[in-house]
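> Okay, handing you the structure first.
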Amino acid sequence: MEVKIFNNSTEIGNAAAEIIINKVNSKNDAILGLATGASPVPTYKKIIEEYNNGNVSFKDVKTFNLDEYCSIPASDRNSYYTFMHENLFNHIDIKEENVHVPNGNPENAEEYCAAYDESIVAAGGIDIQVLGIGRNGHIGFNEPADEFTAGTYKVKLTDSTIEANKIYFDHEEDVPRYAITMGVQSIINAKEIILIAEGKAKAQAIHDMIKGEISPACPASILQKHNNVHIFIDKDAASLL
Ligand code: GLP
């Protein structure tokens with residue numbers, strides 16, 4: 001693991017965007033795994049800026065998002081589909097048919113999730129996966145559990161995650177209780193991973209991910225086994241290291 005500590009979120013975003021842009025410029029049809037949440041927003045901002053400056057094009061790039069809420073439609077203002085379009089896709093030259101955000105309301109979740117994993121494999125696998133981390137060490141929506149998860153699946157969210165997501169919804173009862181998420185195995189199949197975290201609320205999870213034992217009690221700890229991971233964090237998130 002390469003652990004880099006930055007002064008602020010802009011520096012983190014610039015460093016993460018540089019890796020992604022260099023990849024796309026050396027491989028025009030790169031496959032990107034993308035994440036939602038506040039953490040990657042400065043990265044997406046920098047990517048948009050570099051796109052506007054003519055320094056990168058996404059016209060042959062394909063993207064696969066990590067996760068999506070169940071029980072709200074893709075058109076909902078809180079869906080990850082909406083988030084990704086507002087924060088990135090609407091501002092670059094990526095083709096809509098090359099964008100994949102999981103369907104949060106598939107008729108047959110098991111079949112749909114298997115097909116999602118197959119489409120990643122068929123595309124050639126993810127070159128760079130962007131990740132955030134939950135306060136409880138989750139990646140995607142892989143919550144602490146007894147076993148590491150495998151492929152994409154439908155997950156029941158924990159109280160801690162529902163609590164963290166509350167700020168985005170008007171009423172507590174509107175916060176989705178389930179999500180479709182890539183599994184831990186689908187995530188670590190990526191050739192390169194950039195995990196971004198900021199703030200004191202993430203410090204324990206960052207500590208456990210880097211210094212703790214590799215255990216499904218902290219799903220992000222699996223990244224210790226991957227040979228090409230960048231951990232980009234600020235001083236607050238690094239405060240327990
Ligand atoms: C949600 C998402 C994760 C994300 C996490 C952290 O749970 N499913 O993919 O990493 O939030 O979000 P934030 O970056 O806003 O702290």
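In the structure tokens, chains take the letters A, B, ... in the order shown, each chain's residues start at 1, and ligands count up from 1 in the order shown.
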Could you list, as a list in words, all protein and nucleic acid residues with an atom at most 7 Å from ligand 1, counting only C-alpha atoms and all ligand atoms?

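What falls inside 7 Å of ligand 1 is Ala35, Thr36, Gly37, Ala38, Ser39, Pro40, Leu66, Asp67, Leu131, Gly132, Ile133, Gly134, Ile139, Gly140, Phe141, Thr161 and Ala197 of chain A.
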
> According to DSSP computed on the backbone, where in segment 45-137 of chain A is there helix (DSSP H, G or I)? Give the residues as a PyMOL selection string.

chain A and resi 45-52+80-87+89-91+96-98+109-123

> Any chance you could export the current selection's N, CA, C and O atoms as a CSV table (one decimal), in the first residue's frame?


chain,number,residue,atom,x,y,z
A,45,LYS,N,-13.8,17.0,-9.9
A,45,LYS,CA,-13.7,18.4,-10.3
A,45,LYS,C,-12.4,18.6,-11.1
A,45,LYS,O,-12.4,19.3,-12.1
A,46,LYS,N,-11.4,18.0,-10.6
A,46,LYS,CA,-10.1,18.2,-11.3
A,46,LYS,C,-10.1,17.5,-12.7
A,46,LYS,O,-9.6,18.1,-13.7
A,47,ILE,N,-10.7,16.4,-12.7
A,47,ILE,CA,-10.9,15.7,-14.0
A,47,ILE,C,-11.6,16.6,-15.0
A,47,ILE,O,-11.2,16.7,-16.2
A,48,ILE,N,-12.7,17.2,-14.6
A,48,ILE,CA,-13.5,18.1,-15.4
A,48,ILE,C,-12.7,19.2,-15.9
A,48,ILE,O,-12.7,19.6,-17.1
A,49,GLU,N,-11.9,19.8,-14.9
A,49,GLU,CA,-11.1,20.9,-15.3
A,49,GLU,C,-10.0,20.6,-16.4
A,49,GLU,O,-9.9,21.3,-17.4
A,50,GLU,N,-9.4,19.4,-16.2
A,50,GLU,CA,-8.4,19.0,-17.2
A,50,GLU,C,-9.1,18.6,-18.5
A,50,GLU,O,-8.5,18.9,-19.6
A,51,TYR,N,-10.3,18.1,-18.5
A,51,TYR,CA,-11.1,17.9,-19.7
A,51,TYR,C,-11.3,19.2,-20.4
A,51,TYR,O,-11.1,19.3,-21.6
A,52,ASN,N,-11.8,20.2,-19.7
A,52,ASN,CA,-12.1,21.5,-20.2
A,52,ASN,C,-10.9,22.2,-20.8
A,52,ASN,O,-10.9,22.9,-21.7
A,80,TYR,N,-27.3,7.3,-6.8
A,80,TYR,CA,-25.9,7.4,-7.3
A,80,TYR,C,-25.8,7.7,-8.8
A,80,TYR,O,-24.8,8.3,-9.2
A,81,TYR,N,-26.8,7.3,-9.5
A,81,TYR,CA,-26.9,7.6,-10.9
A,81,TYR,C,-26.9,9.1,-11.1
A,81,TYR,O,-26.1,9.6,-11.9
A,82,THR,N,-27.8,9.8,-10.4
A,82,THR,CA,-27.9,11.2,-10.5
A,82,THR,C,-26.6,11.9,-10.0
A,82,THR,O,-26.0,12.8,-10.6
A,83,PHE,N,-26.1,11.4,-8.9
A,83,PHE,CA,-24.8,11.9,-8.3
A,83,PHE,C,-23.7,11.9,-9.4
A,83,PHE,O,-23.0,12.9,-9.6
A,84,MET,N,-23.5,10.7,-10.0
A,84,MET,CA,-22.4,10.6,-11.0
A,84,MET,C,-22.6,11.5,-12.2
A,84,MET,O,-21.6,12.0,-12.7
A,85,HIS,N,-23.9,11.7,-12.6
A,85,HIS,CA,-24.1,12.5,-13.8
A,85,HIS,C,-23.8,14.0,-13.4
A,85,HIS,O,-23.2,14.7,-14.1
A,86,GLU,N,-24.3,14.4,-12.2
A,86,GLU,CA,-24.1,15.8,-11.8
A,86,GLU,C,-22.7,16.1,-11.5
A,86,GLU,O,-22.2,17.2,-11.8
A,87,ASN,N,-22.0,15.2,-10.9
A,87,ASN,CA,-20.6,15.5,-10.5
A,87,ASN,C,-19.5,15.1,-11.5
A,87,ASN,O,-18.4,15.5,-11.4
A,89,PHE,N,-20.3,12.9,-15.2
A,89,PHE,CA,-20.6,12.4,-16.5
A,89,PHE,C,-21.1,13.6,-17.4
A,89,PHE,O,-20.8,13.6,-18.6
A,90,ASN,N,-22.0,14.4,-16.8
A,90,ASN,CA,-22.6,15.5,-17.6
A,90,ASN,C,-21.5,16.5,-18.1
A,90,ASN,O,-21.9,17.4,-18.9
A,91,HIS,N,-20.3,16.5,-17.5
A,91,HIS,CA,-19.4,17.5,-17.8
A,91,HIS,C,-18.2,17.1,-18.6
A,91,HIS,O,-17.2,17.8,-18.9
A,96,GLU,N,-22.9,7.9,-23.0
A,96,GLU,CA,-23.9,7.4,-22.0
A,96,GLU,C,-23.9,5.9,-22.0
A,96,GLU,O,-24.0,5.2,-21.0
A,97,GLU,N,-23.7,5.3,-23.2
A,97,GLU,CA,-23.8,3.8,-23.3
A,97,GLU,C,-22.5,3.2,-22.7
A,97,GLU,O,-22.5,2.0,-22.4
A,98,ASN,N,-21.5,4.0,-22.4
A,98,ASN,CA,-20.3,3.4,-21.7
A,98,ASN,C,-20.3,3.6,-20.2
A,98,ASN,O,-19.4,3.2,-19.5
A,109,ALA,N,-32.6,-9.7,-8.5
A,109,ALA,CA,-31.3,-9.2,-8.1
A,109,ALA,C,-30.1,-10.1,-8.3
A,109,ALA,O,-29.1,-9.7,-8.8
A,110,GLU,N,-30.3,-11.4,-8.1
A,110,GLU,CA,-29.2,-12.3,-8.2
A,110,GLU,C,-28.7,-12.4,-9.7
A,110,GLU,O,-27.5,-12.3,-9.9
A,111,GLU,N,-29.7,-12.5,-10.6
A,111,GLU,CA,-29.3,-12.6,-12.0
A,111,GLU,C,-28.7,-11.3,-12.5
A,111,GLU,O,-27.7,-11.2,-13.2
A,112,TYR,N,-29.3,-10.2,-12.0
A,112,TYR,CA,-28.8,-8.9,-12.4
A,112,TYR,C,-27.4,-8.6,-11.9
A,112,TYR,O,-26.5,-8.2,-12.7
A,113,CYS,N,-27.1,-9.0,-10.7
A,113,CYS,CA,-25.8,-8.8,-10.1
A,113,CYS,C,-24.7,-9.6,-10.8
A,113,CYS,O,-23.6,-9.2,-11.1
A,114,ALA,N,-25.1,-10.9,-11.1
A,114,ALA,CA,-24.1,-11.8,-11.8
A,114,ALA,C,-23.8,-11.2,-13.2
A,114,ALA,O,-22.6,-11.1,-13.6
A,115,ALA,N,-24.8,-10.6,-13.9
A,115,ALA,CA,-24.6,-10.0,-15.2
A,115,ALA,C,-23.8,-8.8,-15.1
A,115,ALA,O,-23.0,-8.5,-16.0
A,116,TYR,N,-23.9,-8.0,-14.0
A,116,TYR,CA,-23.1,-6.8,-13.8
A,116,TYR,C,-21.6,-7.2,-13.7
A,116,TYR,O,-20.8,-6.6,-14.4
A,117,ASP,N,-21.3,-8.2,-12.9
A,117,ASP,CA,-19.9,-8.7,-12.8
A,117,ASP,C,-19.4,-9.2,-14.2
A,117,ASP,O,-18.3,-8.9,-14.5
A,118,GLU,N,-20.3,-9.9,-14.9
A,118,GLU,CA,-19.9,-10.4,-16.2
A,118,GLU,C,-19.6,-9.3,-17.2
A,118,GLU,O,-18.6,-9.4,-18.0
A,119,SER,N,-20.3,-8.2,-17.1
A,119,SER,CA,-20.1,-7.1,-18.0
A,119,SER,C,-18.7,-6.4,-17.7
A,119,SER,O,-18.1,-5.9,-18.6
A,120,ILE,N,-18.3,-6.4,-16.4
A,120,ILE,CA,-17.0,-5.9,-16.1
A,120,ILE,C,-15.9,-6.8,-16.7
A,120,ILE,O,-15.0,-6.3,-17.3
A,121,VAL,N,-16.1,-8.1,-16.5
A,121,VAL,CA,-15.1,-9.0,-17.1
A,121,VAL,C,-15.0,-8.9,-18.6
A,121,VAL,O,-13.9,-8.8,-19.2
A,122,ALA,N,-16.2,-8.8,-19.2
A,122,ALA,CA,-16.3,-8.7,-20.7
A,122,ALA,C,-15.6,-7.5,-21.2
A,122,ALA,O,-15.0,-7.4,-22.3
A,123,ALA,N,-15.7,-6.4,-20.4
A,123,ALA,CA,-15.0,-5.1,-20.8
A,123,ALA,C,-13.5,-5.2,-20.7
A,123,ALA,O,-12.8,-4.3,-21.2

> How many Å lie between atom CA of Phe58 of chain A and atom CA of Ile94 of chain A, rounded to one decimal?

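Separating atom CA of Phe58 of chain A from atom CA of Ile94 of chain A is a distance of 4.9 Å.
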
> With only C-alpha atoms as the counted atoms, please give the residues lying no more than 8 Å from Glu198 of chain A, apart from itself and same-chain residues fewer than 3 positions off, as a short mmCIF file (atom, residue, chain, number, x, y, z; two decimals) with all heavy atoms, in the first residue's frame.


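Output contents, as saved in out26.cif:
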data_model
loop_
_atom_site.label_atom_id
_atom_site.label_comp_id
_atom_site.auth_asym_id
_atom_site.auth_seq_id
_atom_site.Cartn_x
_atom_site.Cartn_y
_atom_site.Cartn_z
N SER A 9 -8.36 18.50 0.77
CA SER A 9 -9.06 17.68 -0.21
C SER A 9 -8.70 18.06 -1.65
O SER A 9 -8.73 17.22 -2.55
CB SER A 9 -10.57 17.76 0.00
OG SER A 9 -10.98 19.09 -0.09
N SER A 39 -15.97 12.13 -0.74
CA SER A 39 -14.51 11.99 -0.88
C SER A 39 -13.99 12.14 -2.31
O SER A 39 -12.99 12.82 -2.52
CB SER A 39 -14.05 10.66 -0.29
OG SER A 39 -14.57 10.50 0.99
N LYS A 202 -13.18 9.30 9.85
CA LYS A 202 -12.65 8.14 9.12
C LYS A 202 -11.37 7.58 9.75
O LYS A 202 -10.83 6.58 9.28
CB LYS A 202 -12.36 8.54 7.66
CG LYS A 202 -13.56 9.05 6.88
CD LYS A 202 -14.56 7.95 6.59
CE LYS A 202 -15.83 8.44 5.94
NZ LYS A 202 -15.67 8.91 4.57
N ILE A 233 -5.08 10.35 1.86
CA ILE A 233 -5.87 10.81 3.01
C ILE A 233 -5.37 12.17 3.51
O ILE A 233 -4.24 12.56 3.20
CB ILE A 233 -5.81 9.78 4.17
CG1 ILE A 233 -4.36 9.41 4.52
CG2 ILE A 233 -6.59 8.53 3.80
CD1 ILE A 233 -4.22 8.37 5.63
N ASP A 234 -6.21 12.84 4.29
CA ASP A 234 -5.75 14.08 4.90
C ASP A 234 -5.23 13.79 6.31
O ASP A 234 -5.29 12.65 6.79
CB ASP A 234 -6.84 15.16 4.88
CG ASP A 234 -8.00 14.84 5.81
OD1 ASP A 234 -8.01 13.77 6.45
OD2 ASP A 234 -8.92 15.68 5.90
N LYS A 235 -4.74 14.85 6.98
CA LYS A 235 -4.10 14.65 8.29
C LYS A 235 -5.09 14.13 9.32
O LYS A 235 -4.73 13.32 10.18
CB LYS A 235 -3.48 15.97 8.76
CG LYS A 235 -2.25 16.31 7.94
CD LYS A 235 -1.60 17.59 8.39
CE LYS A 235 -0.39 17.87 7.52
NZ LYS A 235 -0.16 19.28 7.25
N ASP A 236 -6.33 14.60 9.25
CA ASP A 236 -7.34 14.14 10.22
C ASP A 236 -7.62 12.64 10.04
O ASP A 236 -7.68 11.90 11.02
CB ASP A 236 -8.65 14.92 10.04
CG ASP A 236 -8.56 16.30 10.65
OD1 ASP A 236 -7.65 16.53 11.47
OD2 ASP A 236 -9.39 17.15 10.29
N ALA A 237 -7.76 12.21 8.81
CA ALA A 237 -8.04 10.77 8.58
C ALA A 237 -6.82 9.93 8.97
O ALA A 237 -6.95 8.75 9.31
CB ALA A 237 -8.40 10.54 7.12
#

> Which of segment 135-224 of chain A end up as strand (DSSP E) when DSSP is run on this backbone - answer as an mmCIF file with all heavy atoms, in the first residue's frame?


data_model
loop_
_atom_site.group_PDB
_atom_site.id
_atom_site.type_symbol
_atom_site.label_atom_id
_atom_site.label_comp_id
_atom_site.auth_asym_id
_atom_site.auth_seq_id
_atom_site.Cartn_x
_atom_site.Cartn_y
_atom_site.Cartn_z
ATOM 1 N N TYR A 153 -23.882 -7.926 -5.287
ATOM 2 C CA TYR A 153 -25.036 -8.515 -4.585
ATOM 3 C C TYR A 153 -25.878 -7.410 -3.949
ATOM 4 O O TYR A 153 -25.475 -6.240 -3.916
ATOM 5 C CB TYR A 153 -24.557 -9.502 -3.505
ATOM 6 C CG TYR A 153 -23.814 -8.839 -2.366
ATOM 7 C CD1 TYR A 153 -24.384 -8.712 -1.107
ATOM 8 C CD2 TYR A 153 -22.539 -8.299 -2.571
ATOM 9 C CE1 TYR A 153 -23.714 -8.062 -0.077
ATOM 10 C CE2 TYR A 153 -21.871 -7.652 -1.547
ATOM 11 C CZ TYR A 153 -22.454 -7.539 -0.306
ATOM 12 O OH TYR A 153 -21.802 -6.882 0.705
ATOM 13 N N LYS A 154 -27.036 -7.837 -3.443
ATOM 14 C CA LYS A 154 -27.928 -6.903 -2.745
ATOM 15 C C LYS A 154 -27.640 -6.997 -1.257
ATOM 16 O O LYS A 154 -27.619 -8.087 -0.688
ATOM 17 C CB LYS A 154 -29.384 -7.280 -3.036
ATOM 18 C CG LYS A 154 -30.385 -6.341 -2.383
ATOM 19 C CD LYS A 154 -31.802 -6.635 -2.875
ATOM 20 C CE LYS A 154 -32.806 -5.765 -2.161
ATOM 21 N NZ LYS A 154 -34.144 -5.901 -2.738
ATOM 22 N N VAL A 155 -27.401 -5.846 -0.621
ATOM 23 C CA VAL A 155 -26.965 -5.848 0.780
ATOM 24 C C VAL A 155 -27.932 -5.043 1.647
ATOM 25 O O VAL A 155 -28.486 -4.041 1.205
ATOM 26 C CB VAL A 155 -25.527 -5.278 0.889
ATOM 27 C CG1 VAL A 155 -25.457 -3.821 0.442
ATOM 28 C CG2 VAL A 155 -24.975 -5.407 2.301
ATOM 29 N N LYS A 156 -28.105 -5.506 2.881
ATOM 30 C CA LYS A 156 -28.855 -4.736 3.874
ATOM 31 C C LYS A 156 -27.860 -3.803 4.558
ATOM 32 O O LYS A 156 -26.822 -4.252 5.042
ATOM 33 C CB LYS A 156 -29.478 -5.698 4.895
ATOM 34 C CG LYS A 156 -30.401 -5.019 5.881
ATOM 35 C CD LYS A 156 -31.122 -6.083 6.711
ATOM 36 C CE LYS A 156 -32.135 -5.576 7.698
ATOM 37 N NZ LYS A 156 -32.393 -4.181 7.860
ATOM 38 N N TYR A 178 -31.474 -0.842 1.786
ATOM 39 C CA TYR A 178 -30.762 -1.843 0.975
ATOM 40 C C TYR A 178 -30.020 -1.151 -0.168
ATOM 41 O O TYR A 178 -30.370 -0.035 -0.557
ATOM 42 C CB TYR A 178 -31.747 -2.845 0.369
ATOM 43 C CG TYR A 178 -32.313 -3.812 1.384
ATOM 44 C CD1 TYR A 178 -33.430 -3.474 2.140
ATOM 45 C CD2 TYR A 178 -31.717 -5.052 1.590
ATOM 46 C CE1 TYR A 178 -33.950 -4.351 3.085
ATOM 47 C CE2 TYR A 178 -32.224 -5.938 2.522
ATOM 48 C CZ TYR A 178 -33.338 -5.590 3.271
ATOM 49 O OH TYR A 178 -33.830 -6.455 4.200
ATOM 50 N N ALA A 179 -29.021 -1.838 -0.692
ATOM 51 C CA ALA A 179 -28.286 -1.318 -1.855
ATOM 52 C C ALA A 179 -27.787 -2.490 -2.691
ATOM 53 O O ALA A 179 -27.709 -3.624 -2.207
ATOM 54 C CB ALA A 179 -27.099 -0.471 -1.392
ATOM 55 N N ILE A 180 -27.478 -2.192 -3.947
ATOM 56 C CA ILE A 180 -26.745 -3.148 -4.798
ATOM 57 C C ILE A 180 -25.291 -2.685 -4.763
ATOM 58 O O ILE A 180 -25.013 -1.498 -4.984
ATOM 59 C CB ILE A 180 -27.249 -3.099 -6.258
ATOM 60 C CG1 ILE A 180 -28.751 -3.396 -6.349
ATOM 61 C CG2 ILE A 180 -26.420 -4.030 -7.147
ATOM 62 C CD1 ILE A 180 -29.157 -4.819 -6.081
ATOM 63 N N THR A 181 -24.383 -3.578 -4.456
ATOM 64 C CA THR A 181 -22.967 -3.183 -4.408
ATOM 65 C C THR A 181 -22.074 -4.241 -5.038
ATOM 66 O O THR A 181 -22.363 -5.436 -4.977
ATOM 67 C CB THR A 181 -22.509 -2.936 -2.945
ATOM 68 O OG1 THR A 181 -21.142 -2.496 -2.953
ATOM 69 C CG2 THR A 181 -22.606 -4.176 -2.069
ATOM 70 N N GLU A 192 -5.646 -1.549 -10.298
ATOM 71 C CA GLU A 192 -5.079 -0.480 -9.471
ATOM 72 C C GLU A 192 -6.222 0.159 -8.697
ATOM 73 O O GLU A 192 -7.341 0.267 -9.228
ATOM 74 C CB GLU A 192 -4.412 0.547 -10.403
ATOM 75 C CG GLU A 192 -3.650 1.636 -9.709
ATOM 76 C CD GLU A 192 -2.818 2.496 -10.691
ATOM 77 O OE1 GLU A 192 -2.873 2.252 -11.924
ATOM 78 O OE2 GLU A 192 -2.136 3.413 -10.222
ATOM 79 N N ILE A 193 -5.955 0.562 -7.461
ATOM 80 C CA ILE A 193 -7.024 1.102 -6.599
ATOM 81 C C ILE A 193 -6.543 2.399 -5.954
ATOM 82 O O ILE A 193 -5.406 2.482 -5.480
ATOM 83 C CB ILE A 193 -7.399 0.068 -5.510
ATOM 84 C CG1 ILE A 193 -8.025 -1.181 -6.164
ATOM 85 C CG2 ILE A 193 -8.357 0.675 -4.472
ATOM 86 C CD1 ILE A 193 -8.322 -2.324 -5.209
ATOM 87 N N ILE A 194 -7.417 3.402 -5.957
ATOM 88 C CA ILE A 194 -7.126 4.649 -5.223
ATOM 89 C C ILE A 194 -8.223 4.811 -4.174
ATOM 90 O O ILE A 194 -9.395 4.961 -4.525
ATOM 91 C CB ILE A 194 -7.148 5.886 -6.142
ATOM 92 C CG1 ILE A 194 -6.247 5.692 -7.363
ATOM 93 C CG2 ILE A 194 -6.746 7.130 -5.355
ATOM 94 C CD1 ILE A 194 -6.391 6.802 -8.419
ATOM 95 N N LEU A 195 -7.857 4.762 -2.902
ATOM 96 C CA LEU A 195 -8.836 4.985 -1.834
ATOM 97 C C LEU A 195 -8.615 6.378 -1.242
ATOM 98 O O LEU A 195 -7.488 6.738 -0.909
ATOM 99 C CB LEU A 195 -8.724 3.916 -0.749
ATOM 100 C CG LEU A 195 -9.789 4.022 0.364
ATOM 101 C CD1 LEU A 195 -10.293 2.652 0.794
ATOM 102 C CD2 LEU A 195 -9.263 4.801 1.572
ATOM 103 N N ILE A 196 -9.700 7.122 -1.147
ATOM 104 C CA ILE A 196 -9.638 8.516 -0.689
ATOM 105 C C ILE A 196 -10.458 8.666 0.589
ATOM 106 O O ILE A 196 -11.600 8.184 0.652
ATOM 107 C CB ILE A 196 -10.237 9.446 -1.770
ATOM 108 C CG1 ILE A 196 -9.414 9.339 -3.059
ATOM 109 C CG2 ILE A 196 -10.309 10.886 -1.273
ATOM 110 C CD1 ILE A 196 -10.068 9.986 -4.257
ATOM 111 N N ALA A 197 -9.866 9.321 1.601
ATOM 112 C CA ALA A 197 -10.631 9.564 2.833
ATOM 113 C C ALA A 197 -10.166 10.846 3.506
ATOM 114 O O ALA A 197 -8.976 11.176 3.491
ATOM 115 C CB ALA A 197 -10.476 8.387 3.793
#

> Can you measure atom CA of Val101 of chain A to atom CA of Thr63 of chain A for me? One decimal in Å is fine.

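Between atom CA of Val101 of chain A and atom CA of Thr63 of chain A the gap works out to 8.1 Å.
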
> Nearest to Pro73 of chain A: which of A:Pro176, A:Ile5, A:Ile12, A:Ile222 is it, counting only C-alpha atoms?

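Nearest to Pro73 of chain A: A:Pro176.
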
> Pick out the closest residue to Ile128 of chain A from this set: A:Ala190, A:Ile21, A:Val3, A:Ile214. Count only C-alpha atoms.

A:Ala190

> Restricting the calculation to only C-alpha atoms: of A:Asn53, A:Ser239, A:Asn103, A:Asn7, which residue gets closest to Lys200 of chain A?

A:Ser239

> Give me the residues near Lys62 of chain A as a list in words, where near means some atom within 8 Å (using only C-alpha atoms) and where sequence neighbours in that chain fewer than 2 positions away do not count.

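Non-adjacent residues within range: Asp29, Ala30, Ile31, Leu32, Asp60, Phe64, Ile94, Asn98, Val99 and His100 of chain A.
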
> Atoms to include: N, CA and C atoms. Write the selected residues as a short mmCIF file (atom, residue, chain, number, x, y, z; two decimals), in the first residue's frame.


data_model
loop_
_atom_site.label_atom_id
_atom_site.label_comp_id
_atom_site.auth_asym_id
_atom_site.auth_seq_id
_atom_site.Cartn_x
_atom_site.Cartn_y
_atom_site.Cartn_z
N ASP A 29 -9.10 3.60 -24.05
CA ASP A 29 -10.33 2.85 -23.73
C ASP A 29 -10.24 2.22 -22.33
N ALA A 30 -9.62 2.96 -21.42
CA ALA A 30 -9.48 2.46 -20.04
C ALA A 30 -10.85 2.19 -19.42
N ILE A 31 -10.86 1.27 -18.47
CA ILE A 31 -12.08 0.94 -17.72
C ILE A 31 -11.90 1.51 -16.31
N LEU A 32 -12.79 2.41 -15.94
CA LEU A 32 -12.69 3.05 -14.63
C LEU A 32 -13.79 2.55 -13.71
N ASP A 60 -13.68 7.10 -25.34
CA ASP A 60 -13.63 5.64 -25.46
C ASP A 60 -13.57 4.94 -24.10
N PHE A 64 -17.70 1.78 -14.53
CA PHE A 64 -18.59 0.92 -13.75
C PHE A 64 -18.63 1.48 -12.34
N ILE A 94 -17.80 11.53 -22.07
CA ILE A 94 -18.06 10.09 -22.00
C ILE A 94 -19.40 9.79 -22.67
N ASN A 98 -21.52 3.97 -22.40
CA ASN A 98 -20.32 3.44 -21.74
C ASN A 98 -20.32 3.61 -20.23
N VAL A 99 -21.40 4.20 -19.73
CA VAL A 99 -21.54 4.45 -18.30
C VAL A 99 -22.39 3.35 -17.67
N HIS A 100 -21.88 2.75 -16.60
CA HIS A 100 -22.65 1.70 -15.92
C HIS A 100 -22.76 2.04 -14.43
#

> For a quick check of understanding, using only C-alpha atoms, which of A:Asn136, A:Ser57, A:Gln204, A:Gln185 has the smallest distance to Ala217 of chain A?

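Of A:Asn136, A:Ser57, A:Gln204, A:Gln185, the one nearest Ala217 of chain A is A:Asn136, counting only C-alpha atoms.
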
> Could you tell me which of A:Val175, A:Ile72, A:Ile92, A:Tyr168 comes closest to Asn105 of chain A if we count only C-alpha atoms?

A:Ile72

> When distances are computed from only C-alpha atoms, which of A:Ile19, A:Leu157, A:Ile162, A:Ala203 shows the smallest separation from Thr43 of chain A?

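For Thr43 of chain A, the nearest of the given residues is A:Ile19.
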